[in-house]
Amino acid sequence: MDDFIAARSQMALSLGFHIIFSCIGMIMPFFMAVSHYQWLKNGDPVYKNVTRAWSRGVAIFFATGAVSGTVLSFELGLLWPEFMKHAGPIFGMPFSLEGTAFFIEAIALGFYLYGWNRFNKWFHWWTGVVVGVSGLLSGILVVAANAWMNSPAGFDYVNGQYINIDPIAAMFNKAWFPQALHMILAALTATGFAVAGVHAFMILKRKNVRFHTKAFRIAAVFACIGAILQPFSGDISAKSVGERQPEKLAAMEAHFKTEAKAGLIIGGIPDVKNETVRYAIKIPGALSFLAHDNFNTPVTGLDAFPKDSRPPVAITHYAFQTMVAIGMLMLLIAVFYFFTLWKKKKWLEKRWLLKLFALATPAGFMAVEAGWTVTEVGRQPWIIYGIMRTRDAVTPMPGIVYSFYIFTAVYFSLSIIVVFLLYRQVKMVGQLYDIPA
Amino acid sequence: MLYIVMAYLWAAVLLYVLMGGADFGAGILEFFSTQKSKDKTRNVMYRAIGPVWEANHMWLIIAIVVLFVGFPVIYSTMSIHLHIPLVIMLLGIIARGTAFTFRNYDAVKDRMQVIYSKTFMYSSLVTPLFLGIIAGSAVSGKIDLNATGFVEAYIFSWLGFFQVAVGVFTVTICGFLAAIYIIGETKTEADRLRFITKAKHMSIAALIAAALVLLAAFKDGIPLTHWLFGNPVSFTCVILAVVSLVWMWVSLFRQSTKWLRIIAGAQITLLLVAITYEHYPVLINLKNAEGLSLLIHHGSDKSIRALAIALLAGSVFILPALFYLLYSFNRQEEPAA
């Protein structure tokens, strides 16, 4: 492995790890707030127990997310110093605002976790909401910074110089809104399915059923709202990518030749050498329609770009297909769940419904990782799209491979410990919260 | 606007040293506690730092963001030449932050607690040690932008007697700050006396480490005495810090703890003023080259203005909330069960 690949792998690993914790940190506070509200309003102690149990989970995830986020703010420079030297002042605005949002989140979390019975109960509840809102803001801001790498704005690039810098225009680049919307809905869906799945599994095991049922219902509703809205946001995102980064869209769709009535490719194995896709299902005109709302409009293919400026097709295509496939499955589950809530209440108790959710536990996060792969790998070979190549941004220090190995070991063990801790949290629900099964 | 940004950078570094330092120190004190008193020490400390724990470490994020948005050349130079100590510090931050939280939130209290505690204590030593090494490297002038060999460019930039001495000094300062901070949080007389003793030990350790830094500077040919005594402001700061040390010891021996936090905070502030006043506006001294100045290597004016506004606006939200957090959890009454 050469140092450049090692640096990219380390960055991918760090982001891929951090994204899970930040998604949960963004969304869980809202689940907590709903459950907490139910307790304050109706006085059902099960809701209090659910809230407390969730808040312990949030503490674990927040701490892990906070340190992995701190690491990232250094890794940007440690791995990509040439990029940060130029990009820092341009796309720094969201980061400087994010500092505030993250700080507020940490303060509010201190109030919330240590504030039981210390404050006015509504003030205490409200600090929990603040954790969620500031977490959400942090997420939007960080994604806006990433969006700038896809859609550079707020400067002029003249003879290798970055001039007329405007950090506000950089923050509100063309990609920030579609990307932020897609990310938030993804976080909502992924966290919702993960949490609902764990509780469904516990109900199936007939452990503390009342506790887990209340927790499941809250998470499942959020998850399904997210899953139903996400395809719309996905459509907005895909159109935006097609407009700004046609080669990324082409790689996502494994669309090699520019043509009118472009077909939508489902599945298949991209053959980059011969610029075809084997064993794929092709729906004529569908890609033109999805990208441009018209079956006849031509869609730019990879052939419009020199070979050294094309993103890796296979990875981008597979990741995109995985994301969409999982998204569609979650959409089906969501529609079905709402139908059940609306018409078939008695199905709610059925084991097969719970099994469905238990099986879907990792689905959302798999889609998140796949989607993140699409946006990052699909931007290659650029670190700043059209301006700076990733290879030119990497640190001159040799031996990054070892750093990559160390971080892999650290994140791998951390993942195991976090799963282990969650397992213990869930297993101990009966003893900790003193609820009859 | 540039001055506002520089002021924030300075303040964030100071607050990180004070609050983050006290936080690191909690782990250092635990490390140096006898096996018997470890649990007691841990309980008092946990109650004292638990609620503000996450917030203490945000100052580092603020400082690093100011650096990469406002002074990108300085940030990227540091990132390249101090890569190794930065990575070790980061590994320390990961280990420490997670171990502390896992220890508290693990639903089953079994032998895993020992692993969390060990991780927490060792990383509480390693992280400030390397923070100190990084700070020492910034002033030592050993970073050589023209070095070609791996060892010359990426090892000798930070590994030296002086830098390590600064690291050790940082560790002792953290322990000292933690002891002083926790004295005010103790609930029983026995705890109070125990932390007063710890504060005495740590202040002596800090003095020894300071002597080590002076010795190392002399040996490595770093004009530290010139920096500290060569201009009236730094000179006055150092003298004030030393004088207040006497006052502090008298207070510690009389067990009068009223002013301790203020004295300790002032001492650290004075030291930071002394060293930064001398070097201003240079943030990083280089070997055989002009040091990296904050007044030269800053981002475009518009970026600096946006950053300053973001920082000022952020303060409006952060500072009242943070004060209220510290205030709320400092009130003496225990929560009703």
# chains A, B, ... in the order shown; residues from 1 in each chain; ligands from 1
>>> select_by_dssp(residues="stretch 10-56 of chain B", states="alpha helix (DSSP H)", output="number ranges by chain")
B: 10-15, 21-31, 38-49, 53-56
>>> interface_residues(of="chain B", to="chain A", cutoff="8 Å", atoms="only C-alpha atoms", output="PyMOL selection string")
chain B and resi 50-55+58+61-62+64-66+68-73+75-77+79-80+83+90+93-94+97-98+101-102+105-108+150+154+299-300+302-304+306-307+310-311+314-315+317-318+321-322+325+335-337
>>> atom_distance(atom1="atom CA of B:Arg305", atom2="atom CA of B:Leu2")
7.4 Å
>>> closest_residue(among="B:Ala199, B:Val273, B:Leu215, B:Leu319", to="B:Met248", atoms="only C-alpha atoms")
B:Ala199
>>> closest_residue(among="B:Val233, B:Ile196, B:Ala313, B:Ile222", to="B:Asn285", atoms="only C-alpha atoms")
B:Ile222
>>> residues_around(residues="stretch 255-258 of chain A", least_positions_apart="6", cutoff="10 Å", atoms="only C-alpha atoms", output="list in words")
Glu247, Lys248, Leu249, Leu264, Ile265, Pro270, Asp271, Val272, Asn274, Glu275, Thr276, Val277, Leu287, Pro298, Val299, Thr300, Gly301, Leu302, Asp303, Ala304, Val313 and His317 of chain A
>>> residues_around(residues="B:Cys237", least_positions_apart="2", cutoff="6 Å", atoms="only C-alpha atoms", output="VMD selection string")
chain B and resid 234 to 235 239 to 240 270 274
>>> write_last_selection(atoms="N, CA and C atoms", output="PDB file, in the first residue's frame")
ATOM      1  N   SER B 234       7.585  40.275  30.277  1.00  0.00           N
ATOM      2  CA  SER B 234       7.802  38.879  30.624  1.00  0.00           C
ATOM      3  C   SER B 234       8.475  38.779  31.993  1.00  0.00           C
ATOM      4  N   PHE B 235       9.453  39.652  32.206  1.00  0.00           N
ATOM      5  CA  PHE B 235      10.178  39.657  33.465  1.00  0.00           C
ATOM      6  C   PHE B 235       9.214  39.841  34.634  1.00  0.00           C
ATOM      7  N   ILE B 239       8.283  37.186  37.690  1.00  0.00           N
ATOM      8  CA  ILE B 239       8.472  37.560  39.096  1.00  0.00           C
ATOM      9  C   ILE B 239       7.160  37.433  39.865  1.00  0.00           C
ATOM     10  N   LEU B 240       6.067  37.933  39.270  1.00  0.00           N
ATOM     11  CA  LEU B 240       4.757  37.844  39.919  1.00  0.00           C
ATOM     12  C   LEU B 240       4.372  36.384  40.171  1.00  0.00           C
ATOM     13  N   LEU B 270       0.053  34.035  33.864  1.00  0.00           N
ATOM     14  CA  LEU B 270       1.275  34.841  33.825  1.00  0.00           C
ATOM     15  C   LEU B 270       2.365  34.149  32.999  1.00  0.00           C
ATOM     16  N   ALA B 274       4.003  35.605  29.690  1.00  0.00           N
ATOM     17  CA  ALA B 274       5.451  35.822  29.604  1.00  0.00           C
ATOM     18  C   ALA B 274       6.012  35.247  28.307  1.00  0.00           C
TER      19      ALA B 274
END
>>> residues_around(residues="stretch 223-240 of chain A", least_positions_apart="6", cutoff="10 Å", atoms="only C-alpha atoms", output="PyMOL selection string")
chain A and resi 174-175+177-196+217+246+248-249+252+290-293+324+327-338+364
>>> residues_around(residues="B:Pro128", least_positions_apart="3", cutoff="6 Å", atoms="only C-alpha atoms", output="list in words")
Leu131, Gly132 and Val171 of chain B
>>> write_last_selection(atoms="C-alpha atoms", output="PDB file, in the first residue's frame")
ATOM      1  CA  LEU B 131       0.715  18.604  24.190  1.00  0.00           C
ATOM      2  CA  GLY B 132       3.702  19.986  26.066  1.00  0.00           C
ATOM      3  CA  VAL B 171       2.023  17.100  33.038  1.00  0.00           C
TER       4      VAL B 171
END
>>> residues_around(residues="A:Ser288", least_positions_apart="4", cutoff="6 Å", atoms="only C-alpha atoms", output="ChimeraX atom specification")
/A:261-262,292,294-295,297,299
>>> write_last_selection(atoms="C-alpha atoms", output="CSV table (one decimal), in the first residue's frame")
chain,number,residue,atom,x,y,z
A,261,LYS,CA,-32.9,8.5,-24.0
A,262,ALA,CA,-30.2,7.3,-21.5
A,292,HIS,CA,-33.5,15.9,-16.4
A,294,ASN,CA,-37.4,14.3,-19.7
A,295,PHE,CA,-37.0,10.9,-21.4
A,297,THR,CA,-32.7,14.8,-22.8
A,299,VAL,CA,-27.2,12.5,-20.1
>>> closest_residue(among="B:Val250, B:Leu14, B:Leu159, B:Ala209", to="B:Gly265", atoms="only C-alpha atoms")
B:Leu14
>>> closest_atom_pairs(of="stretch 162-265 of chain B", to="stretch 16-30 of chain B", cutoff="10 Å", atoms="only C-alpha atoms", output="tab-separated table")
residue	atom	partner	partner_atom	distance
B:Thr170	CA	B:Gly21	CA	8.4
B:Val171	CA	B:Gly25	CA	7.4
B:Thr172	CA	B:Gly25	CA	8.0
B:Ile173	CA	B:Gly21	CA	7.5
B:Cys174	CA	B:Gly25	CA	4.3
B:Gly175	CA	B:Gly25	CA	3.8
B:Phe176	CA	B:Gly25	CA	7.0
B:Leu177	CA	B:Ala22	CA	4.9
B:Ala178	CA	B:Ala22	CA	4.0
B:Ala179	CA	B:Leu29	CA	7.5
B:Ile180	CA	B:Ala22	CA	8.5
B:Tyr181	CA	B:Ala22	CA	7.0
B:Ile182	CA	B:Ala26	CA	8.5
B:Phe195	CA	B:Leu29	CA	9.3
B:Lys198	CA	B:Leu29	CA	7.6
B:Ala199	CA	B:Leu29	CA	9.5
B:Met202	CA	B:Leu29	CA	8.8
B:Ala264	CA	B:Leu18	CA	9.1
B:Gly265	CA	B:Leu18	CA	6.8
>>> closest_residue(among="B:His201, B:His81, B:Arg194, B:His226", to="B:Asp144", atoms="only C-alpha atoms")
B:His81
